[in-house]
Amino acid sequence: MTQEHTNKSGFETRAIHAGYEPDEMTGAVIPPIYATSTYKQDGVGGLRGGYEYSRSANPTRTALEGALAAVEEGERGFAFASGLAAEDTLIRALTRPGDHAVIPDDAYGGTYRLFDKVEKAWGLEHSPAAVSDVDAVRAAVRPGTTKLVWVETPTNPMLNIADIEALAAVAHDAGALLVVDNTFASPYLQQPLTLGADIVVHSTTKYVGGHSDVVGGALVVRDLEVADRLAFHQNSMGAVPGPFDCFLTHRGLKTLGVRMDRHCDNAEKVVDFLTGHGKVTQVVYPGLKEHPGHTVAAKQMKRFGGMVSFRVEGGVDAALEVCARAEVFTLGESLGGVESLIEHPGRMTHASVAGTDLEVPADLIRLSVGIETADDLIADLDRALGTVG
């Protein structure tokens, strides 16, 4: 299947075929795992296929990066050892000490920690703003100094929605780049580059990999000059995934479409149950019409995703009890795997923002709704909530 044909194909076709042609020698339809650190050169400086050392490039990684670029409708993709490795490489490549970034006021705790404890010490300033409020983001921008407007949509864990097209205009008016963390939506539900974003970030550990068996990250860009700067820093900083990790991530990507449809189906059923439960005080899900970002989400997302947050009567103790008593929902961090997970953000994924403006409600519970039988998920939540109060 030619690359030109692949680029014109639907999402699922691109996810399965982009980035790799069947091996000419054997006809293997899946990219081999090239477990090699170095490559025989055809004379000094004569690189065979452009490969010399696997930090710089590895054929298994090349296949994954091509597929990631295709599903995000970008020009180039870059794979990393983790989502935070991807973020750090992006920041070091595109900013300098004295620059400024706007970040979400409910950012993922690890992203906030990276900006506040690592990049700030390096000299990069940051300001939090509500990504759902275009005017608030605009007010946080420092023209001439802001180099990155960084958003998550939906955000983690409050599931706020950013208007990507509107924020792209804000960023570009200020001479900044719009970075969109697309982890929660996945490339199947949302393609930020088509809406004006400059760079897409993923923790491929989550929905892209999809099976809770590999850690990774990715960047996808549409501007080749930006791509060249990222490629230089990817090689220079070296936070790249090994071929086995690339193989697992690529394998997960191939089934992303069918998995996401099931995640969304199940999440909608869980939301219906939670909204009718007497001990649930609030359900946060972009698919609900009362969600303040529902209209924007409906405009820029194919569906509303598999992440659900909710609050319970009884405060933090009740929330912890629900998390502890769930059985089909596994108590654990991360998200996006085939299995359902439950967590308490305030004590787990977002503990690093406790006491800051980004602190999350103490009675908040976050669900990553998996692809199990929906009735079993609802029965598990009913049992866990039945103990509250």
# chains A, B, ... in the order shown; residues from 1 in each chain; ligands from 1

$ residues_around --residues "Val215 of chain A" --least-positions-apart "6" --cutoff "9 Å" --atoms "only C-alpha atoms" --output "CSV table (one decimal) with C-alpha atoms, in the first residue's frame"
chain,number,residue,atom,x,y,z
A,81,ALA,CA,10.7,6.8,26.5
A,82,SER,CA,7.8,8.5,28.3
A,83,GLY,CA,5.3,11.3,27.9
A,203,SER,CA,1.7,9.8,26.7
A,204,THR,CA,1.6,6.8,24.5
A,205,THR,CA,1.5,4.7,27.7
A,206,LYS,CA,-2.2,5.5,27.7
A,209,GLY,CA,-0.5,1.7,23.7
A,241,PRO,CA,12.3,4.2,23.5
A,245,ASP,CA,8.7,-0.6,23.5
A,249,THR,CA,3.2,0.8,21.2

$ select_by_dssp --residues "segment 213-306 of chain A" --states "alpha helix (DSSP H)" --output "PyMOL selection string"
chain A and resi 224-237+243-254+256-275+294-300

$ residues_around --residues "segment 356-368 of chain A" --least-positions-apart "2" --cutoff "9 Å" --atoms "only C-alpha atoms" --output "number ranges by chain"
A: 104-107, 109, 112, 128, 157-158, 263, 267, 306-320, 322-323, 329, 334-337, 339-347, 350-354, 370

$ residues_around --residues "Leu193 of chain A" --least-positions-apart "3" --cutoff "12 Å" --atoms "only C-alpha atoms" --output "JSON, numbers by chain"
{"A": [69, 70, 71, 72, 73, 74, 75, 76, 164, 165, 168, 177, 178, 179, 180, 181, 182, 187, 190, 196, 197, 198, 199, 200, 201, 219, 220, 221, 222, 223, 300]}

$ closest_residue --among "A:Thr281, A:Thr155, A:Thr60, A:Ser186" --to "Gly257 of chain A" --atoms "only C-alpha atoms"
A:Ser186

$ closest_residue --among "A:Tyr34, A:Leu385, A:Ala93, A:Val44" --to "Ser236 of chain A" --atoms "only C-alpha atoms"
A:Ala93

$ residues_around --residues "Leu148 of chain A" --least-positions-apart "4" --cutoff "12 Å" --atoms "only C-alpha atoms" --output "compact mmCIF listing (two decimals) with all heavy atoms, in the first residue's frame"
# COMPACT_ATOMS: atom_id res chain seq x y z
N GLU A 87 7.80 15.79 26.65
CA GLU A 87 7.54 17.16 27.05
C GLU A 87 8.84 17.92 27.32
O GLU A 87 9.01 19.06 26.89
CB GLU A 87 6.64 17.18 28.28
CG GLU A 87 5.22 16.66 28.01
CD GLU A 87 4.32 16.76 29.22
OE1 GLU A 87 4.77 17.31 30.26
OE2 GLU A 87 3.17 16.32 29.14
N LEU A 90 10.65 18.74 24.10
CA LEU A 90 9.96 19.84 23.41
C LEU A 90 10.34 21.18 24.03
O LEU A 90 10.70 22.13 23.33
CB LEU A 90 8.45 19.61 23.50
CG LEU A 90 7.48 20.55 22.80
CD1 LEU A 90 6.11 19.89 22.72
CD2 LEU A 90 7.33 21.89 23.50
N ILE A 91 10.26 21.26 25.35
CA ILE A 91 10.53 22.53 26.04
C ILE A 91 11.97 22.98 25.82
O ILE A 91 12.23 24.15 25.52
CB ILE A 91 10.21 22.38 27.54
CG1 ILE A 91 8.70 22.19 27.74
CG2 ILE A 91 10.70 23.61 28.32
CD1 ILE A 91 8.32 21.70 29.13
N ARG A 92 12.92 22.05 25.94
CA ARG A 92 14.33 22.43 25.77
C ARG A 92 14.63 22.82 24.33
O ARG A 92 15.49 23.67 24.07
CB ARG A 92 15.23 21.26 26.16
CG ARG A 92 14.99 20.70 27.55
CD ARG A 92 15.55 21.56 28.65
NE ARG A 92 15.27 20.99 29.96
CZ ARG A 92 16.00 21.19 31.04
NH1 ARG A 92 17.06 21.96 30.99
NH2 ARG A 92 15.66 20.64 32.19
N ALA A 93 13.92 22.20 23.39
CA ALA A 93 14.17 22.50 21.98
C ALA A 93 13.61 23.85 21.57
O ALA A 93 14.20 24.53 20.71
CB ALA A 93 13.57 21.40 21.11
N LEU A 94 12.50 24.26 22.16
CA LEU A 94 11.77 25.41 21.63
C LEU A 94 11.73 26.62 22.55
O LEU A 94 11.15 27.65 22.19
CB LEU A 94 10.33 24.98 21.30
CG LEU A 94 10.21 23.84 20.28
CD1 LEU A 94 8.76 23.49 20.03
CD2 LEU A 94 10.90 24.20 18.97
N THR A 95 12.32 26.52 23.74
CA THR A 95 12.39 27.68 24.62
C THR A 95 13.81 27.86 25.13
O THR A 95 14.64 26.95 25.04
CB THR A 95 11.44 27.56 25.83
OG1 THR A 95 11.90 26.53 26.70
CG2 THR A 95 10.01 27.25 25.38
N ARG A 96 14.05 29.03 25.71
CA ARG A 96 15.34 29.34 26.31
C ARG A 96 15.10 30.00 27.66
O ARG A 96 14.02 30.54 27.90
CB ARG A 96 16.14 30.28 25.41
CG ARG A 96 16.58 29.65 24.07
CD ARG A 96 17.58 28.52 24.31
NE ARG A 96 17.98 27.88 23.05
CZ ARG A 96 17.39 26.79 22.56
NH1 ARG A 96 16.35 26.25 23.20
NH2 ARG A 96 17.82 26.25 21.45
N ASP A 99 12.35 32.78 28.79
CA ASP A 99 11.08 32.66 28.07
C ASP A 99 9.95 32.33 29.05
O ASP A 99 10.17 32.07 30.24
CB ASP A 99 11.17 31.59 27.00
CG ASP A 99 12.02 32.01 25.80
OD1 ASP A 99 12.28 33.21 25.65
OD2 ASP A 99 12.44 31.12 25.02
N HIS A 100 8.74 32.27 28.51
CA HIS A 100 7.54 32.09 29.32
C HIS A 100 6.59 31.14 28.60
O HIS A 100 6.55 31.09 27.37
CB HIS A 100 6.86 33.45 29.54
CG HIS A 100 5.54 33.38 30.23
ND1 HIS A 100 4.32 33.46 29.55
CD2 HIS A 100 5.22 33.23 31.54
CE1 HIS A 100 3.33 33.39 30.42
NE2 HIS A 100 3.84 33.25 31.63
N ALA A 101 5.85 30.38 29.39
CA ALA A 101 4.82 29.48 28.85
C ALA A 101 3.54 29.66 29.65
O ALA A 101 3.57 29.93 30.85
CB ALA A 101 5.28 28.03 28.92
N VAL A 102 2.42 29.47 28.97
CA VAL A 102 1.11 29.41 29.63
C VAL A 102 0.74 27.94 29.73
O VAL A 102 0.84 27.20 28.74
CB VAL A 102 0.04 30.18 28.84
CG1 VAL A 102 -1.32 30.06 29.53
CG2 VAL A 102 0.44 31.64 28.69
N ILE A 103 0.32 27.50 30.93
CA ILE A 103 -0.04 26.10 31.14
C ILE A 103 -1.45 26.02 31.72
O ILE A 103 -1.98 27.02 32.22
CB ILE A 103 0.96 25.39 32.08
CG1 ILE A 103 0.89 25.97 33.49
CG2 ILE A 103 2.37 25.48 31.52
CD1 ILE A 103 1.70 25.17 34.52
N PRO A 104 -2.10 24.85 31.66
CA PRO A 104 -3.44 24.73 32.22
C PRO A 104 -3.45 24.93 33.73
O PRO A 104 -2.51 24.53 34.42
CB PRO A 104 -3.84 23.29 31.86
CG PRO A 104 -2.95 22.89 30.74
CD PRO A 104 -1.66 23.61 30.99
N PHE A 115 7.20 21.69 34.83
CA PHE A 115 7.32 23.13 34.65
C PHE A 115 7.80 23.83 35.91
O PHE A 115 8.67 24.70 35.86
CB PHE A 115 5.98 23.73 34.20
CG PHE A 115 5.75 23.69 32.72
CD1 PHE A 115 4.99 22.68 32.15
CD2 PHE A 115 6.29 24.66 31.90
CE1 PHE A 115 4.76 22.65 30.78
CE2 PHE A 115 6.08 24.64 30.52
CZ PHE A 115 5.31 23.62 29.96
N LEU A 124 12.77 28.94 32.74
CA LEU A 124 11.51 29.10 32.01
C LEU A 124 10.40 29.45 32.99
O LEU A 124 10.10 28.68 33.90
CB LEU A 124 11.16 27.83 31.25
CG LEU A 124 9.84 27.86 30.47
CD1 LEU A 124 9.92 28.84 29.31
CD2 LEU A 124 9.46 26.45 29.97
N GLU A 125 9.78 30.60 32.80
CA GLU A 125 8.67 31.00 33.64
C GLU A 125 7.37 30.42 33.09
O GLU A 125 7.26 30.12 31.89
CB GLU A 125 8.58 32.52 33.70
CG GLU A 125 9.77 33.19 34.36
CD GLU A 125 9.92 32.81 35.82
OE1 GLU A 125 8.87 32.71 36.51
OE2 GLU A 125 11.05 32.60 36.28
N HIS A 126 6.37 30.28 33.96
CA HIS A 126 5.07 29.78 33.50
C HIS A 126 3.95 30.46 34.28
O HIS A 126 4.14 30.88 35.43
CB HIS A 126 4.97 28.27 33.67
CG HIS A 126 5.02 27.81 35.09
ND1 HIS A 126 6.20 27.53 35.75
CD2 HIS A 126 4.03 27.58 36.00
CE1 HIS A 126 5.94 27.17 36.99
NE2 HIS A 126 4.63 27.19 37.17
N SER A 127 2.79 30.54 33.64
CA SER A 127 1.59 31.07 34.28
C SER A 127 0.43 30.12 34.01
O SER A 127 0.22 29.73 32.86
CB SER A 127 1.23 32.46 33.71
OG SER A 127 2.26 33.38 33.92
N VAL A 137 -6.67 32.76 28.93
CA VAL A 137 -5.41 32.36 28.30
C VAL A 137 -4.75 33.56 27.64
O VAL A 137 -3.54 33.80 27.79
CB VAL A 137 -5.65 31.23 27.28
CG1 VAL A 137 -4.37 30.93 26.51
CG2 VAL A 137 -6.17 29.98 27.98
N ALA A 140 -3.04 35.71 30.12
CA ALA A 140 -1.84 35.13 30.70
C ALA A 140 -0.64 35.20 29.77
O ALA A 140 0.50 35.04 30.21
CB ALA A 140 -2.11 33.67 31.08
N VAL A 141 -0.89 35.43 28.49
CA VAL A 141 0.19 35.51 27.51
C VAL A 141 1.00 36.80 27.72
O VAL A 141 0.44 37.87 27.98
CB VAL A 141 -0.38 35.47 26.07
CG1 VAL A 141 0.68 35.83 25.05
CG2 VAL A 141 -0.95 34.09 25.78
N ARG A 142 2.32 36.66 27.60
CA ARG A 142 3.21 37.82 27.66
C ARG A 142 3.79 38.01 26.26
O ARG A 142 4.76 37.32 25.88
CB ARG A 142 4.32 37.60 28.67
CG ARG A 142 3.85 37.31 30.08
CD ARG A 142 5.01 36.99 30.99
NE ARG A 142 4.57 36.55 32.31
CZ ARG A 142 5.40 36.09 33.26
NH1 ARG A 142 6.70 36.02 33.02
NH2 ARG A 142 4.92 35.69 34.42
N PRO A 143 3.23 38.92 25.46
CA PRO A 143 3.69 39.09 24.08
C PRO A 143 5.20 39.33 24.01
O PRO A 143 5.75 40.14 24.77
CB PRO A 143 2.91 40.30 23.59
CG PRO A 143 1.66 40.30 24.43
CD PRO A 143 2.11 39.82 25.78
N GLY A 144 5.85 38.59 23.14
CA GLY A 144 7.28 38.71 22.97
C GLY A 144 8.08 37.78 23.86
O GLY A 144 9.25 37.49 23.59
N LEU A 167 -7.68 29.01 20.57
CA LEU A 167 -6.42 29.18 21.27
C LEU A 167 -5.23 29.20 20.33
O LEU A 167 -4.20 29.81 20.62
CB LEU A 167 -6.26 28.11 22.34
CG LEU A 167 -7.23 28.21 23.51
CD1 LEU A 167 -6.98 27.12 24.53
CD2 LEU A 167 -7.15 29.58 24.17
N ALA A 168 -5.36 28.53 19.19
CA ALA A 168 -4.30 28.62 18.19
C ALA A 168 -4.16 30.06 17.71
O ALA A 168 -3.04 30.57 17.53
CB ALA A 168 -4.61 27.70 17.01
N VAL A 170 -4.93 32.75 19.45
CA VAL A 170 -4.34 33.51 20.55
C VAL A 170 -2.83 33.32 20.57
O VAL A 170 -2.06 34.28 20.68
CB VAL A 170 -4.96 33.07 21.90
CG1 VAL A 170 -4.18 33.66 23.07
CG2 VAL A 170 -6.42 33.49 21.97
N ALA A 171 -2.39 32.07 20.47
CA ALA A 171 -0.96 31.79 20.51
C ALA A 171 -0.24 32.43 19.33
O ALA A 171 0.80 33.09 19.50
CB ALA A 171 -0.73 30.28 20.51
N HIS A 172 -0.78 32.27 18.15
CA HIS A 172 -0.10 32.77 16.96
C HIS A 172 -0.08 34.30 16.91
O HIS A 172 0.90 34.89 16.44
CB HIS A 172 -0.76 32.19 15.72
CG HIS A 172 -0.67 30.70 15.65
ND1 HIS A 172 -1.52 29.91 14.90
CD2 HIS A 172 0.19 29.83 16.26
CE1 HIS A 172 -1.19 28.64 15.04
NE2 HIS A 172 -0.17 28.57 15.87
N ALA A 174 0.42 36.10 19.37
CA ALA A 174 1.50 36.49 20.27
C ALA A 174 2.86 35.96 19.83
O ALA A 174 3.86 36.13 20.55
CB ALA A 174 1.18 35.99 21.69
N GLY A 175 2.91 35.31 18.67
CA GLY A 175 4.17 34.74 18.21
C GLY A 175 4.57 33.48 18.92
O GLY A 175 5.75 33.10 18.92
N ALA A 176 3.60 32.81 19.55
CA ALA A 176 3.87 31.59 20.30
C ALA A 176 3.35 30.38 19.54
O ALA A 176 2.58 30.50 18.58
CB ALA A 176 3.22 31.66 21.68
N LEU A 177 3.74 29.20 19.99
CA LEU A 177 3.26 27.95 19.43
C LEU A 177 2.20 27.36 20.36
O LEU A 177 2.32 27.47 21.58
CB LEU A 177 4.40 26.94 19.28
CG LEU A 177 5.55 27.35 18.34
CD1 LEU A 177 6.65 26.29 18.39
CD2 LEU A 177 5.05 27.53 16.92
N LEU A 178 1.18 26.75 19.76
CA LEU A 178 0.16 26.07 20.55
C LEU A 178 0.52 24.59 20.65
O LEU A 178 0.63 23.89 19.63
CB LEU A 178 -1.22 26.21 19.94
CG LEU A 178 -2.35 25.50 20.72
CD1 LEU A 178 -2.54 26.13 22.10
CD2 LEU A 178 -3.66 25.51 19.95
N VAL A 179 0.69 24.12 21.89
CA VAL A 179 0.98 22.72 22.18
C VAL A 179 -0.28 22.11 22.78
O VAL A 179 -0.83 22.65 23.74
CB VAL A 179 2.15 22.59 23.17
CG1 VAL A 179 2.42 21.11 23.48
CG2 VAL A 179 3.40 23.26 22.62
N VAL A 180 -0.73 20.99 22.23
CA VAL A 180 -1.93 20.32 22.76
C VAL A 180 -1.57 18.92 23.21
O VAL A 180 -1.10 18.10 22.42
CB VAL A 180 -3.05 20.25 21.69
CG1 VAL A 180 -4.24 19.47 22.24
CG2 VAL A 180 -3.48 21.65 21.27
N ALA A 197 -3.32 23.70 15.89
CA ALA A 197 -2.23 23.46 16.84
C ALA A 197 -0.93 23.22 16.09
O ALA A 197 -0.92 22.78 14.93
CB ALA A 197 -2.56 22.28 17.73
N ASP A 198 0.18 23.52 16.76
CA ASP A 198 1.50 23.35 16.15
C ASP A 198 2.17 22.03 16.54
O ASP A 198 2.90 21.45 15.73
CB ASP A 198 2.41 24.51 16.57
CG ASP A 198 1.86 25.84 16.11
OD1 ASP A 198 1.94 26.13 14.91
OD2 ASP A 198 1.34 26.58 16.97
N ILE A 199 1.91 21.58 17.75
CA ILE A 199 2.56 20.38 18.26
C ILE A 199 1.54 19.59 19.08
O ILE A 199 0.79 20.17 19.88
CB ILE A 199 3.76 20.70 19.16
CG1 ILE A 199 4.76 21.61 18.41
CG2 ILE A 199 4.47 19.42 19.62
CD1 ILE A 199 5.83 22.19 19.30

$ atom_distance --atom1 "atom CA of Asn156 of chain A" --atom2 "atom CA of Leu84 of chain A"
14.6 Å

$ atom_distance --atom1 "atom CA of Tyr20 of chain A" --atom2 "atom CA of Gly43 of chain A"
26.7 Å

$ closest_residue --among "A:Asp272, A:Asp163, A:Asp382, A:Asp265" --to "Lys299 of chain A" --atoms "only C-alpha atoms"
A:Asp163

$ atom_distance --atom1 "atom CA of Leu68 of chain A" --atom2 "atom CA of Gly45 of chain A"
29.3 Å

$ residues_around --residues "segment 49-52 of chain A" --least-positions-apart "6" --cutoff "10 Å" --atoms "only C-alpha atoms" --output "number ranges by chain"
A: 37-41, 58-59

$ write_last_selection --atoms "all heavy atoms" --output "compact mmCIF listing (two decimals), in the first residue's frame"
# COMPACT_ATOMS: atom_id res chain seq x y z
N SER A 37 22.03 -2.08 18.52
CA SER A 37 22.46 -0.75 18.93
C SER A 37 23.18 -0.02 17.80
O SER A 37 23.18 1.22 17.76
CB SER A 37 23.38 -0.83 20.15
OG SER A 37 24.54 -1.59 19.85
N THR A 38 23.81 -0.79 16.88
CA THR A 38 24.58 -0.14 15.83
C THR A 38 24.37 -0.87 14.51
O THR A 38 23.74 -1.93 14.47
CB THR A 38 26.08 -0.09 16.21
OG1 THR A 38 26.77 0.80 15.33
CG2 THR A 38 26.72 -1.46 16.18
N TYR A 39 24.90 -0.29 13.42
CA TYR A 39 24.61 -0.78 12.07
C TYR A 39 25.89 -0.76 11.23
O TYR A 39 26.69 0.17 11.32
CB TYR A 39 23.56 0.12 11.39
CG TYR A 39 22.29 0.26 12.20
CD1 TYR A 39 22.22 1.17 13.27
CD2 TYR A 39 21.17 -0.52 11.94
CE1 TYR A 39 21.06 1.29 14.03
CE2 TYR A 39 20.01 -0.41 12.69
CZ TYR A 39 19.96 0.50 13.73
OH TYR A 39 18.83 0.61 14.49
N LYS A 40 26.06 -1.78 10.41
CA LYS A 40 27.20 -1.84 9.49
C LYS A 40 27.06 -0.74 8.44
O LYS A 40 26.01 -0.60 7.81
CB LYS A 40 27.27 -3.20 8.80
CG LYS A 40 28.37 -3.30 7.73
CD LYS A 40 28.40 -4.69 7.12
CE LYS A 40 29.28 -4.72 5.86
NZ LYS A 40 30.65 -4.26 6.10
N GLN A 41 28.13 0.03 8.26
CA GLN A 41 28.12 1.11 7.28
C GLN A 41 28.77 0.65 5.98
O GLN A 41 29.72 -0.14 5.97
CB GLN A 41 28.84 2.34 7.83
CG GLN A 41 28.17 2.91 9.08
CD GLN A 41 28.76 4.23 9.53
OE1 GLN A 41 29.45 4.91 8.77
NE2 GLN A 41 28.47 4.60 10.77
N ASN A 58 16.13 3.95 14.73
CA ASN A 58 15.99 2.49 14.73
C ASN A 58 14.79 2.17 13.85
O ASN A 58 13.76 2.85 13.95
CB ASN A 58 15.79 1.98 16.16
CG ASN A 58 15.51 0.49 16.23
OD1 ASN A 58 14.42 0.05 15.92
ND2 ASN A 58 16.51 -0.27 16.65
N PRO A 59 14.87 1.16 12.98
CA PRO A 59 13.77 0.91 12.05
C PRO A 59 12.42 0.64 12.73
O PRO A 59 11.37 1.02 12.20
CB PRO A 59 14.24 -0.31 11.25
CG PRO A 59 15.73 -0.25 11.33
CD PRO A 59 16.03 0.30 12.70
